[in-house]
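Colleague: The structure under discussion is supplied below as structure tokens; questions concerning it will follow.
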Amino acid sequence: MDLQAKIRSLPASAGVYLYKNAEGDVIYVGKANNLRSRVSSYFREGRWEDAKTDSLVREAVDVDYIVVANNKEALALENHLIKQKKPRFNILLRDDKTYPYVKLTLGERFPRVYVTRRLRKDGSAYYGPYFPANLAYRIVDLIHRHFMVPSCKVDLTRFHPRPCLQYYIKRCLGPCVEGLTTPEIYQEAVRDVKLFLEGRPTDLLRSLRRRMEQTAEAEEYERAAKYRDLISTVDQLQEKQRIAAVEGDDADVFGFHYENGMLAVNLFHMRGGRVLDRREFFWEDLPEVATDHAGAGAPSRPAEPSSLAEPVRMTGEDARRSTESFHPGEFLSALLKQLYIGQPYVPRNIYVPVDFDDREILEDVLTEQAADNGVRPTRVNILVPQRGDKRALLDLAGNNAKQSYDQRFRVMKPNAKAIQEALQDALGLPDRPHRIECFDISHIQGAETVASMVVWEDGQMKKSDYRKFIIRDVIGVDDFASMREVVTRRYKRIQEEKKKMPSLVLIDGGLGQLHAAAEALEALEIINQPLAAIAKREEIIYVYGQENEPVALDHHSPVLHLVQLIRDEAHRFAVTFHRKRRQMRDRSTELREIPGVGESTTRRLLEHFGSVQAVKQADSAALSAVVTRTQAEAILDHFKRQSASMP
């Protein structure tokens, strides 16, 4: 059946349609109240007469469809298929930033808490998202200090001979060592953490007070004091939350700036009436078919710059040209679906600069989703303010989107603090990084294996702190063992000298090198040290503890540029050192053949004379100034015999 015949056979029902090309790849996904009417509209005579290109229609050779019960189901299915298939004619969410969740691993014998940026169906409980991102780390730190449930990577399926430092500084109950805690005490702490993360302070306080009274009656005064301190902490946190709730509702505010076919979007997260964080999105090449709601969509063409405040106020020729090139409402519809559908939390209010056709349907879908996630029945509102404080917020988001556009597409260099904050957020670091130490291994087929360590500190490379390492204990080619040795030597010395660990240890390599470095740190009992590796080919950053969630930054990202700069400097320093070692080895081979001349003597001769040829030309007095008289005579005799044997 050809495409036209297949279109005529489509049902007149609500559903989702998928256009495919000759290779069978899905190139566009759309939804419709009436599948037959919508899909056939793409091929009506004159449909493309005003468009720059009819690429989609010419490329599509087949169409599939899925019938659903109503338009809300079609909207949800369309969003799922776009995320799954990533068709090139749809608008796809591209984001350098994902917000963290707190993960409680309820499926483990001794559950732990982690910060993660990816939700999985693994039996764990997830709480969030949190912004700013470091809020998740502060919450986990509070859980360590007050509930003593750890985040460590230690294997808790078996007992170990001794606990790590976290136990001794009272940030862990010590489930890794037999006898330090009991399953009952540990599960009690986990239940408290669960109540705390679920936002049920009243139930938590009631339970803590009951246990405090029971332990006091049993004259277990130390445990009673611990419960008393926990009650005080939860009370203080609850008071802060009450103040925030009085200040205002939760809302997300969108703004955009479009110019020369490129788009920047800013999203402000307001919680408790305050802007807590800002999120940026960028598109360099919007698809030619930008939307489903305009039928086959409107191909893009160069247009006048457009920001969030402008599309609803433009008139005349500017408005016509902007509409032909970029459809803000249709774009925002696609963006909001991908951002919010399927997420565990959606704010009560979402402010957008322009209206779009399926706004009310999306409100219904998000409201039902919030109810399914256990949120109290509150309608999710997608609003288009025209005046007042809410409109001022939209204008503010639009102005920031313009700044983001300039920063990204006009190649304006961000300041060092901004890059540090972006790096902290991208890699989920607990603090803004001030010092990064990066390691690289260099060798040729296992010969003269060396390592380098370079240092980035507060915005610039600190060459005075660079270090070179000659690998001593590894035989042959073993990059992992070499990395383990150099990391051990470096941070064992840091421990002995009682110096501060860096904000981040960066490894030039993949998962193997990352885990080798982690093993070295664990052997030194250095726990919770931020550790990451950057793979050369993929330019993907692996963060230790989140290896299943590699950080893939946009190639324009200043954070990626910084990590690449540090990595490339470590590689350069290692290669330079290796080359020097190799040259020294090659030059010293002849001298090492002389009886009585060892490695240290050879090094002194080459450092003093500069080359083997200069050593050959030196007399007895010159040689005796560097080596012993016996060695000098041996060197002279060697070169005399060599000269006599030459024809």
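Each chain of the structure tokens is named A, B, ... in the order shown, its residues numbered from 1; ligands are numbered from 1 in display order.
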For Glu525 of chain A, work out the shell of residues within 9 Å, counting only C-alpha atoms and skipping chain neighbours fewer than 4 positions away, then give it as a list in words.

Modeller: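 The neighbour list is Cys164, Leu165, Ala520 and Leu521 of chain A.
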
Colleague: Applying 12 Å and only C-alpha atoms, which residues near Glu522 of chain A remain after dropping the ones on its own chain fewer than 4 positions away? List them as a list of chain:residue names.

Modeller: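 The filter keeps A:Cys152, A:Lys153, A:Val154, A:Asp155, A:Pro163, A:Cys164, A:Leu165, A:Arg484, A:Val487, A:Thr488, A:Tyr491, A:Lys492, A:His515, A:Ala516, A:Ala517, A:Ala518, A:Ile526, A:Ile527, A:Asn528, A:Gln529, A:Leu531.
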
Colleague: Separation of atom CA of Tyr101 of chain A and atom CA of Phe196 of chain A, in Å?

Modeller: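 Interatomic distance, atom CA of Tyr101 of chain A to atom CA of Phe196 of chain A: 14.3 Å.
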
Colleague: May I have the residues within 12 Å of segment 9-15 of chain A as a PyMOL selection string, using only C-alpha atoms and disregarding those fewer than 5 positions away in the same chain?

Modeller: chain A and resi 1-4+29-40+63-78

Colleague: Write out, as a compact mmCIF listing (two decimals), in the first residue's frame, the residues just selected, with N, CA, C and O atoms.

Modeller:
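selection_39.txt was written with the following content:
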# COMPACT_ATOMS: atom_id res chain seq x y z
N MET A 1 0.85 -1.19 0.00
CA MET A 1 0.00 0.00 0.00
C MET A 1 0.88 1.24 0.00
O MET A 1 1.77 1.36 0.84
N ASP A 2 0.62 2.18 -0.97
CA ASP A 2 1.43 3.38 -1.00
C ASP A 2 1.00 4.34 0.10
O ASP A 2 -0.02 4.13 0.78
N LEU A 3 1.78 5.41 0.29
CA LEU A 3 1.56 6.32 1.41
C LEU A 3 0.19 6.98 1.34
O LEU A 3 -0.53 7.07 2.35
N GLN A 4 -0.23 7.46 0.15
CA GLN A 4 -1.51 8.15 0.02
C GLN A 4 -2.67 7.21 0.35
O GLN A 4 -3.62 7.60 1.03
N VAL A 29 7.06 12.82 14.95
CA VAL A 29 5.96 12.29 15.75
C VAL A 29 4.99 13.42 16.02
O VAL A 29 5.40 14.53 16.42
N GLY A 30 3.72 13.18 15.80
CA GLY A 30 2.69 14.19 16.08
C GLY A 30 1.46 13.56 16.69
O GLY A 30 1.31 12.33 16.68
N LYS A 31 0.57 14.37 17.21
CA LYS A 31 -0.69 13.88 17.78
C LYS A 31 -1.85 14.58 17.07
O LYS A 31 -1.67 15.63 16.46
N ALA A 32 -3.03 14.00 17.17
CA ALA A 32 -4.18 14.58 16.49
C ALA A 32 -5.47 14.11 17.14
O ALA A 32 -5.55 12.98 17.66
N ASN A 33 -6.50 14.97 17.09
CA ASN A 33 -7.85 14.55 17.49
C ASN A 33 -8.45 13.64 16.42
O ASN A 33 -9.24 12.75 16.73
N ASN A 34 -8.08 13.91 15.16
CA ASN A 34 -8.57 13.14 14.03
C ASN A 34 -7.37 12.77 13.18
O ASN A 34 -6.84 13.61 12.44
N LEU A 35 -6.92 11.53 13.27
CA LEU A 35 -5.70 11.13 12.59
C LEU A 35 -5.79 11.30 11.08
O LEU A 35 -4.88 11.83 10.44
N ARG A 36 -6.90 10.87 10.48
CA ARG A 36 -7.03 10.94 9.02
C ARG A 36 -6.99 12.38 8.54
O ARG A 36 -6.28 12.72 7.58
N SER A 37 -7.71 13.26 9.21
CA SER A 37 -7.75 14.65 8.79
C SER A 37 -6.39 15.33 8.96
O SER A 37 -5.92 16.04 8.06
N ARG A 38 -5.74 15.07 10.09
CA ARG A 38 -4.47 15.75 10.35
C ARG A 38 -3.39 15.28 9.39
O ARG A 38 -2.68 16.09 8.79
N VAL A 39 -3.22 14.00 9.22
CA VAL A 39 -2.14 13.49 8.37
C VAL A 39 -2.38 13.85 6.91
O VAL A 39 -1.45 14.21 6.19
N SER A 40 -3.62 13.78 6.46
CA SER A 40 -3.90 14.13 5.05
C SER A 40 -3.67 15.61 4.78
O SER A 40 -3.38 16.00 3.65
N VAL A 63 3.87 5.98 7.11
CA VAL A 63 3.33 6.55 8.33
C VAL A 63 2.71 5.43 9.17
O VAL A 63 2.00 4.58 8.65
N ASP A 64 3.04 5.39 10.45
CA ASP A 64 2.41 4.49 11.41
C ASP A 64 1.53 5.31 12.33
O ASP A 64 1.70 6.54 12.44
N TYR A 65 0.63 4.65 13.01
CA TYR A 65 -0.23 5.39 13.92
C TYR A 65 -0.61 4.51 15.10
O TYR A 65 -0.57 3.27 15.03
N ILE A 66 -0.98 5.16 16.20
CA ILE A 66 -1.45 4.48 17.41
C ILE A 66 -2.72 5.20 17.85
O ILE A 66 -2.70 6.43 18.09
N VAL A 67 -3.82 4.48 17.94
CA VAL A 67 -5.10 5.06 18.36
C VAL A 67 -5.18 5.05 19.89
O VAL A 67 -4.81 4.05 20.53
N VAL A 68 -5.64 6.16 20.47
CA VAL A 68 -5.82 6.26 21.92
C VAL A 68 -7.24 6.71 22.22
O VAL A 68 -7.99 7.07 21.31
N ALA A 69 -7.57 6.74 23.51
CA ALA A 69 -8.95 7.02 23.89
C ALA A 69 -9.32 8.49 23.77
O ALA A 69 -10.44 8.83 23.44
N ASN A 70 -8.36 9.37 24.06
CA ASN A 70 -8.68 10.80 24.06
C ASN A 70 -7.42 11.62 23.82
O ASN A 70 -6.32 11.08 23.71
N ASN A 71 -7.59 12.94 23.77
CA ASN A 71 -6.48 13.83 23.44
C ASN A 71 -5.43 13.87 24.53
O ASN A 71 -4.24 14.07 24.26
N LYS A 72 -5.83 13.66 25.79
CA LYS A 72 -4.85 13.67 26.88
C LYS A 72 -3.91 12.47 26.77
O LYS A 72 -2.70 12.60 26.98
N GLU A 73 -4.47 11.31 26.42
CA GLU A 73 -3.62 10.14 26.23
C GLU A 73 -2.70 10.34 25.03
O GLU A 73 -1.53 9.91 25.04
N ALA A 74 -3.21 11.00 23.98
CA ALA A 74 -2.39 11.27 22.81
C ALA A 74 -1.22 12.18 23.15
O ALA A 74 -0.09 11.97 22.70
N LEU A 75 -1.49 13.18 23.98
CA LEU A 75 -0.43 14.11 24.37
C LEU A 75 0.67 13.39 25.14
O LEU A 75 1.86 13.58 24.87
N ALA A 76 0.28 12.53 26.09
CA ALA A 76 1.28 11.81 26.89
C ALA A 76 2.07 10.82 26.02
O ALA A 76 3.29 10.71 26.16
N LEU A 77 1.39 10.13 25.11
CA LEU A 77 2.07 9.16 24.26
C LEU A 77 3.01 9.87 23.28
O LEU A 77 4.13 9.40 23.02
N GLU A 78 2.57 11.00 22.73
CA GLU A 78 3.43 11.78 21.83
C GLU A 78 4.73 12.16 22.53
O GLU A 78 5.83 12.00 21.97

Colleague: Would you please give, as number ranges by chain, all residues of segment 489-641 of chain A that DSSP assigns to strand (DSSP E or B) based on the backbone?

Modeller: A: 504-508, 531-534, 541-543, 551

Colleague: Please identify all polymer residues within 10 Å of Phe147 of chain A, counting only C-alpha atoms, omitting same-chain residues fewer than 5 positions from it, and present them as a PyMOL selection string.

Modeller: chain A and resi 140-142+170-173+186+188-193+196+226-227+230

Colleague: Residues of the last selection are to be written out with N, CA and C atoms, as a PDB file, in the first residue's frame.

Modeller:
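Writing done, so here's out_2.pdb:
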ATOM      1  N   VAL A 140      21.726  15.650  52.315  1.00  0.00           N
ATOM      2  CA  VAL A 140      22.411  14.377  52.573  1.00  0.00           C
ATOM      3  C   VAL A 140      23.433  14.543  53.693  1.00  0.00           C
ATOM      4  N   ASP A 141      24.122  15.672  53.707  1.00  0.00           N
ATOM      5  CA  ASP A 141      25.081  15.929  54.787  1.00  0.00           C
ATOM      6  C   ASP A 141      24.371  15.999  56.138  1.00  0.00           C
ATOM      7  N   LEU A 142      23.194  16.622  56.162  1.00  0.00           N
ATOM      8  CA  LEU A 142      22.419  16.697  57.403  1.00  0.00           C
ATOM      9  C   LEU A 142      22.007  15.292  57.855  1.00  0.00           C
ATOM     10  N   LYS A 170      31.370  10.189  63.824  1.00  0.00           N
ATOM     11  CA  LYS A 170      29.939  10.111  64.154  1.00  0.00           C
ATOM     12  C   LYS A 170      29.049  10.619  63.016  1.00  0.00           C
ATOM     13  N   ARG A 171      29.351  10.130  61.807  1.00  0.00           N
ATOM     14  CA  ARG A 171      28.506  10.416  60.648  1.00  0.00           C
ATOM     15  C   ARG A 171      27.989   9.119  60.021  1.00  0.00           C
ATOM     16  N   CYS A 172      28.148   8.004  60.731  1.00  0.00           N
ATOM     17  CA  CYS A 172      27.711   6.707  60.219  1.00  0.00           C
ATOM     18  C   CYS A 172      27.546   5.764  61.408  1.00  0.00           C
ATOM     19  N   LEU A 173      26.534   4.899  61.345  1.00  0.00           N
ATOM     20  CA  LEU A 173      26.288   3.949  62.427  1.00  0.00           C
ATOM     21  C   LEU A 173      27.241   2.766  62.392  1.00  0.00           C
ATOM     22  N   TYR A 186      19.526   0.301  62.973  1.00  0.00           N
ATOM     23  CA  TYR A 186      19.760   0.880  61.642  1.00  0.00           C
ATOM     24  C   TYR A 186      18.431   1.128  60.917  1.00  0.00           C
ATOM     25  N   GLU A 188      15.580   1.657  62.230  1.00  0.00           N
ATOM     26  CA  GLU A 188      14.926   2.792  62.897  1.00  0.00           C
ATOM     27  C   GLU A 188      15.424   4.108  62.324  1.00  0.00           C
ATOM     28  N   ALA A 189      16.747   4.208  62.129  1.00  0.00           N
ATOM     29  CA  ALA A 189      17.316   5.422  61.538  1.00  0.00           C
ATOM     30  C   ALA A 189      16.823   5.618  60.104  1.00  0.00           C
ATOM     31  N   VAL A 190      16.704   4.513  59.350  1.00  0.00           N
ATOM     32  CA  VAL A 190      16.212   4.601  57.964  1.00  0.00           C
ATOM     33  C   VAL A 190      14.766   5.084  57.946  1.00  0.00           C
ATOM     34  N   ARG A 191      13.938   4.586  58.857  1.00  0.00           N
ATOM     35  CA  ARG A 191      12.540   5.052  58.924  1.00  0.00           C
ATOM     36  C   ARG A 191      12.477   6.543  59.226  1.00  0.00           C
ATOM     37  N   ASP A 192      13.357   7.020  60.112  1.00  0.00           N
ATOM     38  CA  ASP A 192      13.400   8.451  60.415  1.00  0.00           C
ATOM     39  C   ASP A 192      13.794   9.261  59.179  1.00  0.00           C
ATOM     40  N   VAL A 193      14.782   8.771  58.447  1.00  0.00           N
ATOM     41  CA  VAL A 193      15.216   9.461  57.228  1.00  0.00           C
ATOM     42  C   VAL A 193      14.076   9.515  56.222  1.00  0.00           C
ATOM     43  N   PHE A 196      11.619  12.091  57.223  1.00  0.00           N
ATOM     44  CA  PHE A 196      12.228  13.407  57.023  1.00  0.00           C
ATOM     45  C   PHE A 196      12.179  13.814  55.546  1.00  0.00           C
ATOM     46  N   LYS A 226      20.481  12.011  72.229  1.00  0.00           N
ATOM     47  CA  LYS A 226      20.545  12.023  70.759  1.00  0.00           C
ATOM     48  C   LYS A 226      19.168  12.323  70.171  1.00  0.00           C
ATOM     49  N   TYR A 227      18.114  11.671  70.721  1.00  0.00           N
ATOM     50  CA  TYR A 227      16.757  11.946  70.246  1.00  0.00           C
ATOM     51  C   TYR A 227      16.362  13.392  70.513  1.00  0.00           C
ATOM     52  N   LEU A 230      17.883  15.510  67.858  1.00  0.00           N
ATOM     53  CA  LEU A 230      17.179  15.326  66.591  1.00  0.00           C
ATOM     54  C   LEU A 230      15.868  16.106  66.584  1.00  0.00           C
TER      55      LEU A 230
END

Colleague: What's the separation between atom CA of Leu56 of chain A and atom CA of Gln84 of chain A, in Å to one decimal place?

Modeller: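 Distance between the two atoms: 19.5 Å.
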
Colleague: For Arg359 of chain A, work out the shell of residues within 9 Å, counting only C-alpha atoms and skipping chain neighbours fewer than 4 positions away, then give it as an MDAnalysis selection string.

Modeller: chainID A and resid 333 355 363:364 382:383

Colleague: Please dump the current selection as a CSV table (one decimal), in the first residue's frame; keep N, CA, C and O atoms.

Modeller:
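Output file out_36.csv is given in full below:
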chain,number,residue,atom,x,y,z
A,333,SER,N,4.9,24.7,23.9
A,333,SER,CA,4.1,23.5,24.1
A,333,SER,C,5.0,22.2,24.1
A,333,SER,O,4.9,21.4,25.0
A,355,ASP,N,0.6,32.1,24.7
A,355,ASP,CA,-0.4,31.0,24.9
A,355,ASP,C,-0.1,29.9,23.8
A,355,ASP,O,0.5,30.2,22.8
A,363,GLU,N,-2.5,21.1,31.2
A,363,GLU,CA,-2.8,21.4,32.6
A,363,GLU,C,-3.5,20.2,33.2
A,363,GLU,O,-3.2,19.8,34.3
A,364,ASP,N,-4.5,19.6,32.5
A,364,ASP,CA,-5.2,18.5,33.0
A,364,ASP,C,-4.3,17.3,33.2
A,364,ASP,O,-4.4,16.6,34.3
A,382,ILE,N,-1.1,26.7,34.0
A,382,ILE,CA,-0.1,27.2,33.0
A,382,ILE,C,-0.7,28.6,32.6
A,382,ILE,O,-1.7,28.7,31.9
A,383,LEU,N,-0.1,29.6,33.1
A,383,LEU,CA,-0.6,31.0,33.0
A,383,LEU,C,0.2,31.9,32.0
A,383,LEU,O,1.4,31.7,31.8

Colleague: Taking the DSSP secondary structure from the backbone, can you list the residues of segment 503-598 of chain A that are alpha helix (DSSP H), as JSON, numbers by chain?

Modeller: {"A": [511, 512, 513, 514, 515, 516, 517, 518, 519, 520, 521, 522, 523, 558, 559, 560, 561, 562, 563, 564, 565, 566, 567, 568, 569, 570, 571, 572, 573, 574, 575, 576, 577, 578, 579, 580, 581, 582, 583, 584, 585, 586, 587, 588, 589, 590, 591, 592]}

Colleague: Considering only C-alpha atoms, can you say which of A:Tyr130, A:Phe256, A:Phe282, A:Phe469 comes closest to His556 of chain A?

Modeller: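 Smallest separation from His556 of chain A among the options: A:Phe282.
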
Colleague: Give the answer as one residue: which of A:Gly510, A:Gly476, A:Gly179, A:Gly199 has the shortest atom-to-atom distance to Glu539 of chain A, using only C-alpha atoms?

Modeller: A:Gly510

Colleague: What is the distance, in Å and to one decimal place, between atom CA of Asn90 of chain A and atom CA of Tyr28 of chain A?

Modeller: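 Atom CA of Tyr28 of chain A lies at a distance of 5.8 Å from atom CA of Asn90 of chain A.
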